[in-house]
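A.B. asks: I have a structure here, written as structure tokens, and I will follow up with some questions on it.
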Amino acid sequence: MSILDLVPISEGSAARAAIAASMSSARLADRLGFHRLWFAEHHNTPNLAASATSLLISQAASVTERIRVGSGGVMLPNHAPLMVAEQYGTLVNMHGDRIDLGLGRAPGTDMMTAQALGRSSAEPQAFAQSIYDLQGWFGETGTAHSMPIMSAVSAGTAVPIWVLGSTVNGASIAGQLGLPFSVASHFAPDQLDQAIQVYKEAFSTEAPTAQIEKPYVMAGINVMVADTDEEAEREFTVIEQMFLDIVRGKRRKIQPPVDPETLAAQGGGNNPMLRIKAVGAPRTVKAQLEEFVERTGADELITVTYAYDPAVRDRSLQLLAKSWF
């Protein structure tokens, strides 16, 4: 059981407070026994402070002791692979062997912002070649496979690489590369079952990039746990409002929860993009999570919890940990 954090910025707050709240939650997650904490890269959005993932990872690693910390993910075509190798190699040298590198091909933003980031090719072959070079830079010699360029700071760090995806295309790439696959079912559920099947069917240990001996699936799920089902459903309207804003083109920070019936009357609620969820009191959520694991066969769950009040998110983490671990 792991956590994906997008560092949400609540209405009336600012990025500084959002980052501080995320670091406080990181300490809590570490104490509660969650397996890993990942930060997701996003740009040009007023309600998320998760842009510079390597910096967030470094800060979270510095305030925790046990939990694995990583990216979920770095949108690789937004970055020069050599710089990614140097950054994540540096993280390992600073914080030890608990750093993960999750990689995606999506821009994590709109196309204009992607151009401002200097986005390069996201084609599968280019993506695979970049991963192969990254593994060279993380290898014993610290040298890329396709060019005689060395990264001393990343040599020998063996940073685990994951492939992120939401479709059968991403799943196929992860399988063919012999890498663990993290499926973004928390916001893109339509191809979840097919993606997992394609990943397992495509999985190969013969690829030069292969780093595991059998398929490993991490699946994303939206989670909100509260003392009662009704309270949890009200708090879940925070993310439902966020997704409604996306549909309507409204650029707002994270809004306070509202009555679910009121939101439904406004055209929100029951968003099909958010149907992979576990929302309710601890017993309700545990049953929903067990059903999701049974359906997907996922080896690991990565939970996403949005809350206007960081204390609500922390309470959800505490209740989830108590019911699951």
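Convention: chains lettered A, B, ... in structure tokens order; per-chain residue numbering from 1; ligands numbered from 1 as shown.
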If we count only C-alpha atoms, what is near Ala202 in chain A at a cut-off of 7 Å, once residues fewer than 5 positions away on the same chain are taken out, given as a VMD selection string?
C.D. replies: chain A and resid 172 175 to 176
A.B. asks: List the spatial neighbours of Val304 in chain A as a ChimeraX atom specification - criterion: any atom at most 12 Å away, only C-alpha atoms, same-chain residues fewer than 6 positions off excluded.
C.D. replies: /A:1-8,37-40,72,184-187,219-225,236,239,274,276-279,313,316-317,320
A.B. asks: Got time to write the residues from that selection, N, CA and C atoms, as a compact mmCIF listing (two decimals), in the first residue's frame?
C.D. replies:
# COMPACT_ATOMS: atom_id res chain seq x y z
N MET A 1 0.85 -1.19 0.00
CA MET A 1 0.00 0.00 0.00
C MET A 1 0.89 1.24 0.00
N SER A 2 0.74 2.05 -1.03
CA SER A 2 1.61 3.21 -1.21
C SER A 2 0.77 4.46 -1.45
N ILE A 3 1.45 5.59 -1.62
CA ILE A 3 0.79 6.90 -1.71
C ILE A 3 1.34 7.68 -2.89
N LEU A 4 0.43 8.31 -3.65
CA LEU A 4 0.81 9.26 -4.69
C LEU A 4 0.37 10.64 -4.24
N ASP A 5 1.31 11.58 -4.22
CA ASP A 5 1.03 12.94 -3.75
C ASP A 5 1.27 13.92 -4.89
N LEU A 6 0.26 14.75 -5.17
CA LEU A 6 0.39 15.80 -6.18
C LEU A 6 0.55 17.18 -5.55
N VAL A 7 0.70 17.23 -4.23
CA VAL A 7 0.92 18.45 -3.47
C VAL A 7 -0.17 19.49 -3.80
N PRO A 8 -1.42 19.20 -3.44
CA PRO A 8 -2.52 20.11 -3.77
C PRO A 8 -2.47 21.42 -2.99
N LEU A 37 6.18 6.45 -1.22
CA LEU A 37 5.54 7.75 -1.43
C LEU A 37 6.11 8.32 -2.72
N TRP A 38 5.22 8.56 -3.69
CA TRP A 38 5.65 9.10 -4.97
C TRP A 38 5.05 10.48 -5.19
N PHE A 39 5.77 11.31 -5.93
CA PHE A 39 5.29 12.62 -6.33
C PHE A 39 5.13 12.65 -7.85
N ALA A 40 4.03 13.25 -8.32
CA ALA A 40 3.72 13.25 -9.74
C ALA A 40 4.01 14.63 -10.35
N GLY A 72 6.25 9.59 -9.53
CA GLY A 72 5.14 8.86 -10.13
C GLY A 72 4.34 9.72 -11.09
N ALA A 184 -2.29 4.08 -14.29
CA ALA A 184 -2.92 5.30 -13.76
C ALA A 184 -4.44 5.17 -13.74
N SER A 185 -4.92 4.12 -13.11
CA SER A 185 -6.36 3.85 -13.08
C SER A 185 -7.13 4.83 -12.20
N HIS A 186 -6.43 5.61 -11.38
CA HIS A 186 -7.11 6.56 -10.51
C HIS A 186 -7.73 7.72 -11.29
N PHE A 187 -7.26 7.98 -12.52
CA PHE A 187 -7.90 9.00 -13.34
C PHE A 187 -8.18 8.54 -14.77
N ALA A 219 -1.39 -0.44 -9.11
CA ALA A 219 -2.60 0.19 -9.65
C ALA A 219 -3.01 1.36 -8.78
N GLY A 220 -3.37 2.46 -9.45
CA GLY A 220 -3.79 3.67 -8.74
C GLY A 220 -5.27 3.62 -8.38
N ILE A 221 -5.60 4.12 -7.19
CA ILE A 221 -6.99 4.16 -6.74
C ILE A 221 -7.20 5.38 -5.85
N ASN A 222 -8.32 6.07 -6.06
CA ASN A 222 -8.68 7.22 -5.23
C ASN A 222 -9.24 6.72 -3.90
N VAL A 223 -8.75 7.29 -2.82
CA VAL A 223 -9.15 6.81 -1.49
C VAL A 223 -9.50 8.01 -0.60
N MET A 224 -10.60 7.89 0.10
CA MET A 224 -10.93 8.82 1.18
C MET A 224 -11.58 8.02 2.29
N VAL A 225 -10.94 8.00 3.44
CA VAL A 225 -11.46 7.27 4.60
C VAL A 225 -11.81 8.29 5.69
N PHE A 236 -14.98 13.54 -0.41
CA PHE A 236 -14.59 13.14 -1.76
C PHE A 236 -15.05 14.16 -2.80
N ILE A 239 -12.18 16.27 -4.74
CA ILE A 239 -11.59 15.86 -6.02
C ILE A 239 -12.65 15.88 -7.13
N LEU A 274 -13.29 8.98 -12.23
CA LEU A 274 -12.95 8.73 -10.83
C LEU A 274 -13.62 7.48 -10.28
N ILE A 276 -12.66 4.47 -10.15
CA ILE A 276 -11.78 3.57 -9.39
C ILE A 276 -11.51 4.25 -8.06
N LYS A 277 -12.28 3.88 -7.05
CA LYS A 277 -12.21 4.59 -5.78
C LYS A 277 -12.59 3.68 -4.63
N ALA A 278 -12.16 4.08 -3.44
CA ALA A 278 -12.57 3.44 -2.20
C ALA A 278 -12.88 4.57 -1.23
N VAL A 279 -14.14 4.79 -0.98
CA VAL A 279 -14.59 5.96 -0.21
C VAL A 279 -15.56 5.51 0.86
N ARG A 313 -6.76 14.71 5.12
CA ARG A 313 -5.93 13.72 4.42
C ARG A 313 -5.16 12.86 5.41
N SER A 316 -7.38 10.38 7.03
CA SER A 316 -7.67 9.29 6.09
C SER A 316 -6.51 8.30 6.06
N LEU A 317 -5.28 8.79 6.04
CA LEU A 317 -4.12 7.91 6.04
C LEU A 317 -4.08 7.06 7.31
N LEU A 320 -6.83 4.42 7.13
CA LEU A 320 -6.49 3.42 6.14
C LEU A 320 -5.43 2.47 6.67
A.B. asks: For Met242 in chain A, which of A:Pro46, A:His145, A:Gly104, A:His35 is the closest residue, counting only C-alpha atoms?
C.D. replies: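 Looking at the shortest contact to Met242 in chain A, the residue is A:Pro46.
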A.B. asks: From the list A:Ala60, A:Ile302, A:Ala106, A:Leu134, which residue is nearest Met150 in chain A when using only C-alpha atoms?
C.D. replies: A:Leu134
A.B. asks: Taking the backbone alone, and naming residues the way the document does, which bits of range 33-278 of chain A are strand (DSSP E or B) by DSSP, as a PyMOL selection string?
C.D. replies: chain A and resi 36-39+48+68-75+99-104+143+150+161-165+181-183+217-225+254+277-278
A.B. asks: So which one's closest to Ala20 in chain A, A:Pro310, A:Gly170, A:Gln125, A:Pro256? Using only C-alpha atoms, please.
C.D. replies: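 The answer is A:Pro310, which sits nearest to Ala20 in chain A.
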A.B. asks: Met94 in chain A: which residues within 9 Å, counting only C-alpha atoms, same-chain residues fewer than 3 positions away excluded, as a list in words?
C.D. replies: Ser58, Ser62, Gly89, Thr90 and Leu91 of chain A
A.B. asks: Go ahead and write the residues just picked, C-alpha atoms, as a tab-separated table (two decimals), in the first residue's frame.
C.D. replies:
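The resulting file, result.tsv, is shown below:
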chain	number	residue	atom	x	y	z
A	58	SER	CA	14.81	14.96	-1.68
A	62	SER	CA	15.23	13.97	4.39
A	89	GLY	CA	21.87	9.31	-8.78
A	90	THR	CA	22.47	12.30	-6.53
A	91	LEU	CA	19.32	11.45	-4.57
A.B. asks: Could you check how far CA of Ile246 in chain A sits from CA of Leu55 in chain A, in Å to one decimal?
C.D. replies: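 Separation between CA of Ile246 in chain A and CA of Leu55 in chain A: 26.7 Å.
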